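Pasted below: upload.tsv, TSV, C-alpha atoms.
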chain	number	residue	atom	x	y	z
A	26	MET	CA	119.20	55.44	150.19
A	27	LYS	CA	116.20	55.19	152.51
A	28	SER	CA	112.96	54.29	150.78
A	29	TYR	CA	109.94	56.53	150.51
A	30	ASN	CA	107.96	54.22	152.80
A	31	PHE	CA	110.72	54.27	155.40
A	32	SER	CA	110.82	58.08	155.24
A	33	ARG	CA	107.04	58.42	155.64
A	34	ASN	CA	106.89	55.89	158.48
A	35	TYR	CA	109.66	57.71	160.32
A	36	LEU	CA	107.79	61.02	160.04
A	37	ASN	CA	104.44	59.44	160.95
A	38	ASN	CA	105.93	58.08	164.15
A	39	LEU	CA	107.33	61.50	165.00
A	40	SER	CA	103.97	63.17	164.35
A	41	LYS	CA	102.44	61.15	167.19
A	42	LYS	CA	104.69	63.03	169.63
A	43	GLY	CA	102.96	66.32	168.83
A	44	SER	CA	104.40	69.79	168.25
A	45	ASP	CA	107.31	71.78	169.63
A	46	PHE	CA	107.31	75.49	168.80
A	47	THR	CA	110.98	76.28	168.45
A	48	ILE	CA	113.17	76.77	165.41
A	49	ALA	CA	116.57	75.92	166.91
A	50	PRO	CA	116.59	72.25	165.72
A	51	VAL	CA	115.67	73.36	162.19
A	52	LYS	CA	118.52	75.87	162.10
A	53	ILE	CA	120.99	73.23	163.27
A	54	LEU	CA	119.93	70.79	160.55
A	55	LEU	CA	119.95	73.40	157.81
A	56	ASP	CA	123.38	74.66	158.87
A	57	LYS	CA	124.81	71.16	158.54
A	58	LEU	CA	123.23	70.97	155.06
A	59	GLY	CA	124.86	74.24	153.94
A	60	ASN	CA	121.85	76.50	154.62
A	61	PRO	CA	119.95	75.84	151.39
A	62	GLN	CA	117.17	78.22	152.50
A	63	ASN	CA	119.53	81.17	151.98
A	64	LYS	CA	120.05	80.24	148.33
A	65	LEU	CA	116.39	80.75	147.46
A	66	ASN	CA	114.19	83.71	146.51
A	67	ILE	CA	111.58	83.27	149.22
A	68	ILE	CA	108.13	84.81	149.55
A	69	HIS	CA	106.98	84.08	153.09
A	70	ILE	CA	103.28	84.04	153.98
A	71	ALA	CA	101.63	84.09	157.42
A	72	GLY	CA	98.09	84.83	158.57
A	73	THR	CA	95.00	83.25	160.08
A	74	ASN	CA	93.02	82.78	156.87
A	75	GLY	CA	93.84	82.96	153.18
A	76	LYS	CA	97.42	81.67	153.11
A	77	GLY	CA	96.64	78.79	150.77
A	78	SER	CA	94.61	80.87	148.33
A	79	THR	CA	97.18	83.66	148.22
A	80	THR	CA	99.98	81.16	147.65
A	81	THR	CA	97.99	79.49	144.87
A	82	TYR	CA	97.26	82.76	143.05
A	83	LEU	CA	100.90	83.86	143.25
A	84	SER	CA	102.25	80.50	142.13
A	85	SER	CA	99.85	80.30	139.19
A	86	ILE	CA	100.64	83.83	138.00
A	87	LEU	CA	104.40	83.38	138.25
A	88	THR	CA	104.24	80.01	136.51
A	89	LYS	CA	102.28	81.59	133.64
A	90	ALA	CA	105.00	84.25	133.48
A	91	GLY	CA	107.54	81.52	132.75
A	92	PHE	CA	109.19	81.06	136.14
A	93	ASN	CA	109.82	77.82	138.03
A	94	VAL	CA	107.87	78.25	141.24
A	95	GLY	CA	108.10	76.11	144.34
A	96	THR	CA	105.37	76.05	146.99
A	97	PHE	CA	105.40	74.63	150.50
A	98	MET	CA	101.90	74.40	151.96
A	99	SER	CA	100.76	72.40	154.96
A	100	PRO	CA	98.92	70.43	156.05
A	101	ALA	CA	98.28	68.17	153.08
A	102	VAL	CA	94.59	67.95	152.21
A	103	PHE	CA	94.29	65.11	149.69
A	104	TYR	CA	97.71	63.45	149.50
A	105	TYR	CA	100.96	63.91	151.35
A	106	ASN	CA	103.30	64.92	148.52
A	107	GLU	CA	101.10	67.90	147.58
A	108	MET	CA	102.82	69.90	150.33
A	109	PHE	CA	105.87	70.26	148.06
A	110	LYS	CA	105.17	71.42	144.50
A	111	ILE	CA	107.02	72.96	141.56
A	112	ASN	CA	104.74	74.58	138.98
A	113	ASN	CA	101.84	72.74	140.64
A	114	ILE	CA	103.50	69.32	140.24
A	115	SER	CA	104.02	67.46	143.49
A	116	ILE	CA	107.38	66.12	144.62
A	117	SER	CA	108.06	62.57	143.44
A	118	ASN	CA	108.46	59.74	145.93
A	119	GLU	CA	112.05	59.35	144.71
A	120	ASP	CA	112.96	63.01	145.29
A	121	PHE	CA	111.32	62.96	148.71
A	122	ALA	CA	113.23	59.83	149.72
A	123	ASP	CA	116.48	61.30	148.38
A	124	CYS	CA	116.08	64.47	150.48
A	125	PHE	CA	115.14	62.50	153.58
A	126	SER	CA	118.14	60.20	153.10
A	127	LYS	CA	120.47	63.21	153.21
A	128	ILE	CA	118.87	64.37	156.45
A	129	TYR	CA	118.53	61.01	158.20
A	130	PRO	CA	122.20	60.59	159.31
A	131	LEU	CA	122.04	64.07	160.88
A	132	LEU	CA	118.86	63.14	162.73
A	133	GLN	CA	120.62	60.08	164.14
A	134	GLU	CA	123.47	62.29	165.26
A	135	LEU	CA	121.35	65.05	166.82
A	136	SER	CA	118.21	63.35	168.13
A	137	ASN	CA	119.61	62.86	171.61
A	138	THR	CA	120.18	66.61	171.90
A	139	TYR	CA	117.22	68.09	170.01
A	140	ASN	CA	113.53	67.24	169.89
A	141	PHE	CA	112.67	67.01	166.20
A	142	THR	CA	109.05	67.05	165.05
A	143	SER	CA	107.73	65.80	161.73
A	144	TYR	CA	106.93	69.38	160.67
A	145	MET	CA	110.51	70.49	161.37
A	146	ILE	CA	111.90	67.74	159.16
A	147	GLU	CA	109.35	68.46	156.44
A	148	THR	CA	110.48	72.09	156.50
A	149	VAL	CA	114.12	71.06	156.10
A	150	ILE	CA	113.13	68.76	153.22
A	151	CYS	CA	111.33	71.74	151.67
A	152	TYR	CA	114.37	73.99	151.65
A	153	LEU	CA	116.74	71.22	150.56
A	154	TYR	CA	114.47	70.04	147.73
A	155	PHE	CA	113.72	73.45	146.25
A	156	ALA	CA	117.34	74.58	146.49
A	157	THR	CA	118.42	71.39	144.72
A	158	LYS	CA	115.88	72.06	141.97
A	159	LYS	CA	117.00	75.72	141.75
A	160	VAL	CA	113.51	77.18	141.54
A	161	ASP	CA	113.19	80.86	140.64
A	162	PHE	CA	110.83	81.53	143.55
A	163	LEU	CA	109.80	79.60	146.64
A	164	ILE	CA	106.50	80.56	148.26
A	165	VAL	CA	106.48	79.33	151.86
A	166	GLU	CA	103.33	79.16	153.95
A	167	CYS	CA	103.72	79.25	157.74
A	168	GLY	CA	102.15	76.34	159.55
A	169	LEU	CA	101.33	78.21	162.77
A	170	GLY	CA	102.11	81.74	163.86
A	171	GLY	CA	105.28	83.13	162.36
A	172	LYS	CA	108.15	83.97	164.68
A	173	TYR	CA	108.55	80.43	166.02
A	174	ASP	CA	107.28	78.58	162.98
A	175	ALA	CA	109.81	76.08	161.63
A	176	THR	CA	109.82	77.84	158.25
A	177	ASN	CA	111.08	81.11	159.75
A	178	VAL	CA	114.79	80.46	159.27
A	179	GLU	CA	115.85	82.31	156.13
A	180	GLU	CA	118.11	85.35	156.56
A	181	THR	CA	116.32	87.37	153.89
A	182	ASN	CA	113.19	87.09	151.79
A	183	LEU	CA	111.95	89.01	148.77
A	184	PHE	CA	108.96	90.09	150.84
A	185	SER	CA	106.48	88.77	153.37
A	186	ILE	CA	102.70	88.62	153.15
A	187	LEU	CA	100.31	88.84	156.09
A	188	THR	CA	96.88	87.62	155.09
A	189	SER	CA	93.86	88.37	157.27
A	190	ILE	CA	94.65	88.05	160.97
A	191	SER	CA	92.04	86.95	163.49
A	192	LEU	CA	91.66	84.79	166.58
A	193	ASP	CA	92.81	81.17	166.16
A	194	HIS	CA	95.16	78.96	168.19
A	195	THR	CA	94.76	81.44	171.07
A	196	LYS	CA	96.08	78.98	173.66
A	197	ILE	CA	99.39	78.97	171.81
A	198	LEU	CA	99.56	82.43	170.24
A	199	GLY	CA	97.53	84.59	172.66
A	200	ASN	CA	95.17	87.49	171.98
A	201	LEU	CA	94.83	89.31	168.66
A	202	ARG	CA	97.70	91.72	169.26
A	203	GLU	CA	99.96	88.92	170.48
A	204	ILE	CA	98.97	86.83	167.45
A	205	THR	CA	99.86	89.72	165.15
A	206	GLN	CA	103.22	90.29	166.84
A	207	ASN	CA	104.01	86.60	166.42
A	208	LYS	CA	103.07	86.58	162.74
A	209	CYS	CA	105.17	89.71	162.16
A	210	GLY	CA	108.19	87.59	163.05
A	211	ILE	CA	108.53	86.56	159.39
A	212	ILE	CA	109.01	90.16	158.22
A	213	ARG	CA	112.53	91.05	157.09
A	214	ASP	CA	112.00	94.37	155.31
A	215	THR	CA	108.89	94.57	153.12
A	216	VAL	CA	105.46	93.23	153.99
A	217	ILE	CA	102.25	93.19	151.96
A	218	THR	CA	99.20	93.03	154.17
A	219	SER	CA	95.44	93.04	153.84
A	220	ASN	CA	93.42	96.15	154.56
A	221	VAL	CA	91.18	94.01	156.81
A	222	ASN	CA	94.01	94.09	159.37
A	223	CYS	CA	93.35	97.75	160.23
A	224	ASP	CA	92.92	97.05	163.97
A	225	VAL	CA	96.51	95.81	164.25
A	226	MET	CA	98.17	97.92	161.55
A	227	ASP	CA	100.24	99.79	164.16
A	228	ILE	CA	101.98	96.53	165.10
A	229	ILE	CA	102.64	95.68	161.47
A	230	ASN	CA	104.05	99.16	160.83
A	231	ASP	CA	106.38	98.80	163.81
A	232	ASN	CA	107.82	95.57	162.42
A	233	ALA	CA	108.49	96.52	158.79
A	234	GLN	CA	110.45	99.17	156.92
A	235	ASN	CA	108.08	99.03	153.95
A	236	VAL	CA	104.37	98.25	154.37
A	237	ILE	CA	102.10	97.79	151.34
A	238	VAL	CA	98.39	97.63	152.18
A	239	THR	CA	95.77	96.29	149.79
A	240	LYS	CA	92.71	98.29	148.77
A	241	ASP	CA	89.06	97.28	148.70
A	242	ALA	CA	87.86	94.87	146.02
A	243	THR	CA	84.39	93.83	144.89
A	244	SER	CA	83.19	90.42	143.77
A	245	THR	CA	80.28	88.61	142.16
A	246	ILE	CA	79.72	84.90	141.52
A	247	LYS	CA	78.08	83.58	138.36
A	248	ASP	CA	78.03	80.08	136.88
A	249	ASN	CA	80.64	78.76	139.34
A	250	LEU	CA	83.09	81.54	138.47
A	251	GLN	CA	83.91	84.53	140.64
A	252	TYR	CA	84.61	87.95	139.17
A	253	ILE	CA	86.78	90.15	141.36
A	254	THR	CA	87.44	93.80	140.54
A	255	TYR	CA	90.59	95.31	142.02
A	256	ASN	CA	92.15	98.66	141.13
A	257	GLY	CA	89.79	98.99	138.19
A	258	THR	CA	90.56	95.61	136.62
A	259	THR	CA	88.22	92.61	136.75
A	260	TYR	CA	89.66	89.11	137.08
A	261	SER	CA	87.83	85.78	136.81
A	262	THR	CA	88.68	82.89	139.12
A	263	LYS	CA	87.47	79.35	139.75
A	264	MET	CA	88.30	79.85	143.41
A	265	LEU	CA	84.99	80.83	144.95
A	266	GLY	CA	84.18	82.45	148.26
A	267	GLU	CA	83.62	85.96	149.52
A	268	TYR	CA	87.06	85.94	151.13
A	269	GLN	CA	88.78	85.73	147.72
A	270	LYS	CA	88.24	89.48	147.33
A	271	VAL	CA	90.59	89.75	150.35
A	272	ASN	CA	93.12	87.14	149.21
A	273	LEU	CA	93.48	88.00	145.52
A	274	PRO	CA	94.59	91.61	146.10
A	275	LEU	CA	97.47	90.32	148.24
A	276	ALA	CA	98.73	88.23	145.34
A	277	ILE	CA	98.28	91.09	142.88
A	278	GLU	CA	100.22	93.48	145.11
A	279	GLY	CA	102.90	90.82	145.48
A	280	VAL	CA	103.23	90.61	141.71
A	281	ASN	CA	103.33	94.41	141.46
A	282	TYR	CA	106.19	94.47	143.95
A	283	LEU	CA	108.11	91.83	142.01
A	284	LYS	CA	107.70	93.93	138.87
A	285	LYS	CA	109.24	96.87	140.74
A	286	LEU	CA	112.18	94.58	141.59
A	287	GLY	CA	112.67	94.03	137.86
A	288	TYR	CA	110.88	90.76	137.19
A	289	ASN	CA	109.03	90.59	133.87
A	290	ILE	CA	105.40	89.64	134.51
A	291	SER	CA	102.85	90.60	131.87
A	292	ASP	CA	99.24	91.60	132.43
A	293	ASN	CA	98.20	88.52	130.43
A	294	ALA	CA	100.19	86.28	132.77
A	295	ILE	CA	98.42	87.84	135.73
A	296	LYS	CA	94.95	87.31	134.26
A	297	ASP	CA	95.73	83.83	132.94
A	298	GLY	CA	97.30	82.82	136.22
A	299	ILE	CA	94.29	83.95	138.22
A	300	SER	CA	91.78	82.29	135.91
A	301	SER	CA	93.61	78.94	136.00
A	302	ALA	CA	94.39	78.93	139.74
A	303	GLN	CA	92.82	76.10	141.71
A	304	ILE	CA	93.26	74.83	145.25
A	305	ASN	CA	92.03	71.68	146.89
A	306	GLY	CA	89.50	72.10	149.64
A	307	ARG	CA	89.10	75.88	149.66
A	308	PHE	CA	85.56	76.57	148.51
A	309	GLU	CA	86.05	73.95	145.85
A	310	VAL	CA	83.09	72.92	143.71
A	311	VAL	CA	83.39	69.13	143.45
A	312	SER	CA	79.99	68.44	141.83
A	313	THR	CA	77.26	70.39	140.09
A	314	ASN	CA	74.28	68.02	140.41
A	315	PRO	CA	73.58	69.30	142.99
A	316	THR	CA	76.19	71.99	143.52
A	317	PHE	CA	78.50	70.47	146.15
A	318	ILE	CA	81.19	72.64	147.74
A	319	ILE	CA	83.94	71.65	150.16
A	320	ASP	CA	85.65	74.32	152.24
A	321	GLY	CA	88.30	74.33	154.96
A	322	CYS	CA	86.49	76.99	157.01
A	323	HIS	CA	87.69	76.24	160.55
A	324	ASN	CA	87.57	79.43	162.62
A	325	PRO	CA	85.08	82.22	163.38
A	326	ASN	CA	86.53	84.75	160.95
A	327	ALA	CA	86.36	82.29	158.05
A	328	SER	CA	82.81	81.36	159.05
A	329	LEU	CA	81.72	85.00	158.62
A	330	TYR	CA	82.76	84.87	154.95
A	331	LEU	CA	80.98	81.54	154.58
A	332	GLU	CA	77.90	83.07	156.20
A	333	ASN	CA	77.84	85.80	153.55
A	334	PHE	CA	77.62	83.10	150.89
A	335	ILE	CA	75.08	80.74	152.39
A	336	LYS	CA	72.65	83.34	153.73
A	337	ASN	CA	71.85	84.35	150.16
A	338	LYS	CA	71.00	80.79	149.12
A	339	LYS	CA	67.33	79.79	149.18
A	340	ASP	CA	68.14	76.13	149.75
A	341	ILE	CA	71.29	75.13	151.62
A	342	THR	CA	72.45	71.83	153.12
A	343	LEU	CA	75.45	71.69	155.46
A	344	ILE	CA	77.77	68.81	156.35
A	345	ILE	CA	79.90	69.84	159.34
A	346	GLY	CA	82.89	68.35	161.12
A	347	ILE	CA	84.99	70.46	163.51
A	348	PHE	CA	88.03	70.00	165.74
A	349	LYS	CA	87.26	70.17	169.45
A	350	ASP	CA	90.10	72.64	170.08
A	351	LYS	CA	88.47	75.27	167.80
A	352	ASP	CA	85.92	77.94	168.71
A	353	TYR	CA	83.21	75.75	167.24
A	354	THR	CA	80.35	77.53	169.03
A	355	SER	CA	81.02	80.76	167.13
A	356	ILE	CA	81.34	78.89	163.84
A	357	ILE	CA	78.00	77.18	164.42
A	358	LYS	CA	76.24	80.41	165.43
A	359	ASN	CA	77.39	82.09	162.23
A	360	THR	CA	76.34	79.38	159.79
A	361	VAL	CA	73.69	76.83	160.75
A	362	LYS	CA	70.66	79.11	161.08
A	363	TYR	CA	70.35	79.33	157.28
A	364	ALA	CA	70.33	75.61	156.51
A	365	LYS	CA	67.40	73.47	155.45
A	366	LYS	CA	69.26	70.35	156.57
A	367	ILE	CA	72.49	69.69	158.50
A	368	TYR	CA	74.50	66.50	158.95
A	369	THR	CA	77.19	65.74	161.54
A	370	PHE	CA	79.42	62.67	161.73
A	371	ASP	CA	82.55	61.19	163.26
A	372	TRP	CA	85.82	60.77	161.42
A	373	ASP	CA	89.23	59.28	162.06
A	374	ASN	CA	91.07	62.08	163.81
A	375	PRO	CA	91.69	62.28	167.57
A	376	ARG	CA	91.07	66.04	167.54
A	377	HIS	CA	87.57	65.84	166.08
A	378	LEU	CA	84.55	66.95	168.08
A	379	SER	CA	82.10	64.08	168.50
A	380	GLY	CA	79.43	64.22	165.82
A	381	LEU	CA	76.76	63.60	168.45
A	382	GLU	CA	78.07	66.41	170.64
A	383	LEU	CA	78.16	68.69	167.60
A	384	LYS	CA	74.57	67.71	166.74
A	385	ASN	CA	73.41	68.60	170.26
A	386	LEU	CA	75.04	72.02	169.99
A	387	ILE	CA	73.58	72.72	166.54
A	388	GLU	CA	70.08	71.87	167.77
A	389	GLN	CA	70.17	75.01	169.91
A	390	TYR	CA	70.18	77.05	166.68
A	391	ASN	CA	68.58	74.75	164.08
A	392	LYS	CA	66.50	71.65	164.77
A	393	ASN	CA	66.98	70.20	161.27
A	394	VAL	CA	70.17	68.33	162.13
A	395	GLU	CA	71.00	64.63	161.87
A	396	TYR	CA	73.94	62.67	163.29
A	397	THR	CA	74.99	59.99	160.79
A	398	THR	CA	78.06	58.63	159.01
A	399	LEU	CA	80.12	60.65	156.55
A	400	LYS	CA	79.12	58.35	153.70
A	401	ASP	CA	75.42	58.61	154.50
A	402	ALA	CA	75.65	62.38	154.97
A	403	VAL	CA	76.98	62.77	151.42
A	404	ALA	CA	74.43	60.35	149.96
A	405	LYS	CA	71.47	62.02	151.68
A	406	ALA	CA	72.65	65.54	150.81
A	407	LYS	CA	73.01	64.64	147.14
A	408	MET	CA	69.45	63.31	146.87
A	409	ASP	CA	68.04	66.84	146.75
A	410	LYS	CA	69.14	68.18	143.35
A	411	SER	CA	67.79	71.67	144.07
A	412	THR	CA	69.98	72.30	147.10
A	413	THR	CA	73.50	73.70	147.45
A	414	VAL	CA	75.62	71.49	149.69
A	415	VAL	CA	78.56	72.89	151.67
A	416	ALA	CA	80.82	70.56	153.66
A	417	PHE	CA	83.10	72.47	156.02
A	418	GLY	CA	84.73	72.78	159.43
A	419	SER	CA	88.17	71.23	158.92
A	420	LEU	CA	90.49	70.41	156.04
A	421	SER	CA	91.24	66.97	157.44
A	422	PHE	CA	88.10	65.14	156.24
A	423	LEU	CA	87.55	66.94	152.92
A	424	SER	CA	89.46	64.40	150.84
A	425	GLU	CA	87.11	61.68	152.14
A	426	ILE	CA	84.07	63.85	151.35
A	427	LYS	CA	85.32	64.55	147.82
A	428	LEU	CA	85.94	60.85	147.21
A	429	GLU	CA	82.41	59.99	148.34
A	430	VAL	CA	80.89	62.67	146.13
A	431	GLN	CA	82.80	61.51	143.05
A	432	ASN	CA	82.22	57.82	143.68
A	433	GLY	CA	78.50	58.47	143.86
A	434	ARG	CA	78.25	60.19	140.49
Could you quickly redo this structure as structure tokens?
Amino acid sequence: MKSYNFSRNYLNNLSKKGSDFTIAPVKILLDKLGNPQNKLNIIHIAGTNGKGSTTTYLSSILTKAGFNVGTFMSPAVFYYNEMFKINNISISNEDFADCFSKIYPLLQELSNTYNFTSYMIETVICYLYFATKKVDFLIVECGLGGKYDATNVEETNLFSILTSISLDHTKILGNLREITQNKCGIIRDTVITSNVNCDVMDIINDNAQNVIVTKDATSTIKDNLQYITYNGTTYSTKMLGEYQKVNLPLAIEGVNYLKKLGYNISDNAIKDGISSAQINGRFEVVSTNPTFIIDGCHNPNASLYLENFIKNKKDITLIIGIFKDKDYTSIIKNTVKYAKKIYTFDWDNPRHLSGLELKNLIEQYNKNVEYTTLKDAVAKAKMDKSTTVVAFGSLSFLSEIKLEVQNGR
């Protein structure tokens, strides 16, 4: 059997070759493995924002209801194995290596014919692992788009979810209507979608036999808990952020649909699941002295929800790092005008926008910005105990931020 380190090194080397948006190689591999994806009860989720939160709510509720629930979420935020979880427990190194070892001979056989990416192989590992473990449900989050995403290979699913859809990855996916059409590629029969997608609802209706649309919800935040009222019932959640009143209803409607299919899920399981749900890096409070929040806000639509939070704060400090292939100008316009102090920095990712370049852009909207190191940004932000600190712009540096915050306690 190949070791875990061998498996990871193999995938790391492949990741340097970039992406290839086709699903043919994935289908070939899965077919040779007996199509494990078709032995699973899959809930497939696509969308621009909210996939991770919706997946987390659903998984937590179904786990509380007594089911074994697999989740496949990418990219990893804090550690690699967190992409593959059963009942919120990450895949072991041994199980990962075992799955990779079953795939490796096929890769040797097919690599001269097909261009495999690391994400394709991770997707195959996902379906093989969860089928081997015989989970009751597998919640699969698309990496990019929908129709040509490597995960989009199952013949049927229990239902699909489309979270909020907005402009992101436009060079790959196109304009808003093209993005929507692409994401609709995961729909088999039934889709649950957010009511914020009203501008593209005609496309969604054209692609599904059964469309379930969420209703409006309200939310308030108190003492680092958020209270969301949906359909007359109020739920408490540790997952903060204005956008959770968009994401939570999707999970609730998903549970309601499963109940109609005959699955036994009590009201207590729903409430307990929501109250215990947590997700790394999505409006996560990592310290309370001062309040220090990390958030993966990385596109204009997400920044509007973040704006709704920070504009109501009397004292706000921002730590910002953004990828250069994002619409960073819109994100900056929406957020930095409210801050008392802003820090930019460089980090180890070839896609990151130079911290100095980001500082120069921010200065057009707020002069209180400093270019420094990530470590110093955290240390300086924490000195003011009266402020609320929000670090955002990309998921890729949040684990480093969280480590710095906790080490400095």
- [ ] Write out as JSON, numbers by chain which residues come within 10 Å of range 282-285 of chain A when counting all atoms listed in the file, dropping same-chain ones fewer than 4 positions away.
- [x] {"A": [87, 183, 184, 215, 217, 237, 276, 277, 278, 289, 290, 291]}
Open item on the list: From the options A:Ile426, A:Leu399, A:Ile246, A:Val221, which residue's atoms come nearest to Val311 in chain A, counting only C-alpha atoms?
Closed with: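 Distance minimum relative to Val311 in chain A lands on A:Ile426.
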- [ ] For CA of Ile341 in chain A and CA of Thr413 in chain A, determine how far apart the two atoms are, in Å to one decimal place.
- [x]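 If I compute the distance from CA of Ile341 in chain A to CA of Thr413 in chain A, I get 4.9 Å.
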Task: Between CA of Gly59 in chain A and CA of Glu179 in chain A, distance in Å (one decimal) - done: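 Going from CA of Gly59 in chain A over to CA of Glu179 in chain A, I get 12.3 Å.
Among A:Ser312, A:Asn333, A:Thr262, A:Ser219, the residue with the shortest atom-to-atom distance to Asn74 in chain A, counting only C-alpha atoms, is A:Ser219.
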Sphere at (109.8, 77.3, 150.4), radius 9 Å, counting only C-alpha atoms: residues as a CSV table (one decimal) with C-alpha atoms, in the coordinates of the input:
chain,number,residue,atom,x,y,z
A,62,GLN,CA,117.2,78.2,152.5
A,65,LEU,CA,116.4,80.8,147.5
A,66,ASN,CA,114.2,83.7,146.5
A,67,ILE,CA,111.6,83.3,149.2
A,68,ILE,CA,108.1,84.8,149.6
A,69,HIS,CA,107.0,84.1,153.1
A,95,GLY,CA,108.1,76.1,144.3
A,96,THR,CA,105.4,76.0,147.0
A,97,PHE,CA,105.4,74.6,150.5
A,98,MET,CA,101.9,74.4,152.0
A,109,PHE,CA,105.9,70.3,148.1
A,148,THR,CA,110.5,72.1,156.5
A,151,CYS,CA,111.3,71.7,151.7
A,152,TYR,CA,114.4,74.0,151.6
A,155,PHE,CA,113.7,73.4,146.2
A,156,ALA,CA,117.3,74.6,146.5
A,162,PHE,CA,110.8,81.5,143.6
A,163,LEU,CA,109.8,79.6,146.6
A,164,ILE,CA,106.5,80.6,148.3
A,165,VAL,CA,106.5,79.3,151.9
A,166,GLU,CA,103.3,79.2,154.0
A,176,THR,CA,109.8,77.8,158.2
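Closest approach to Ser136 in chain A from the set A:Asp161, A:His323, A:Leu54, A:Thr47 is made by A:Leu54, with distances taken over all atoms listed in the file.
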TODO: Identify which of the residues A:Lys427, A:Lys52, A:Lys366, A:Lys127 lies closest to Phe141 in chain A, counting only C-alpha atoms when measuring atom-to-atom distances.
DONE: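 Closest candidate: A:Lys52.
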Open item on the list: Using all atoms listed in the file, can you tell me which of A:Ala302, A:Met145, A:Leu286, A:Ala233 comes closest to Tyr82 in chain A?
Closed with: A:Ala302
TODO: Identify which of the residues A:Val310, A:Ile211, A:Leu383, A:Leu343 lies closest to Ala364 in chain A, counting all atoms listed in the file when measuring atom-to-atom distances.
DONE: A:Leu343
Open item on the list: If I take CA of Leu55 in chain A and CA of Val149 in chain A, how far is one from the other in Å, to one decimal?
Closed with: 6.5 Å
Task: Close residues, Gln303 in chain A itself excluded, 8 Å, all atoms listed in the file, min 5 positions apart in chain, as a PyMOL selection string - done: chain A and resi 81+263-264
Open item on the list: Just want the 10 Å neighbourhood of Leu381 in chain A, counted on all atoms listed in the file, with same-chain residues fewer than 2 positions away dropped. Output as an NGL selection string.
Closed with: :A and (369-371 or 378-379 or 383-387 or 395-397)
Task: Selection near Phe317 in chain A, 12 Å with only C-alpha atoms, sequence-local residues under 4 positions removed, as a ChimeraX atom specification - done: /A:249,306,308-313,341-344,403-404,406-417,423,426-427,429-431,434
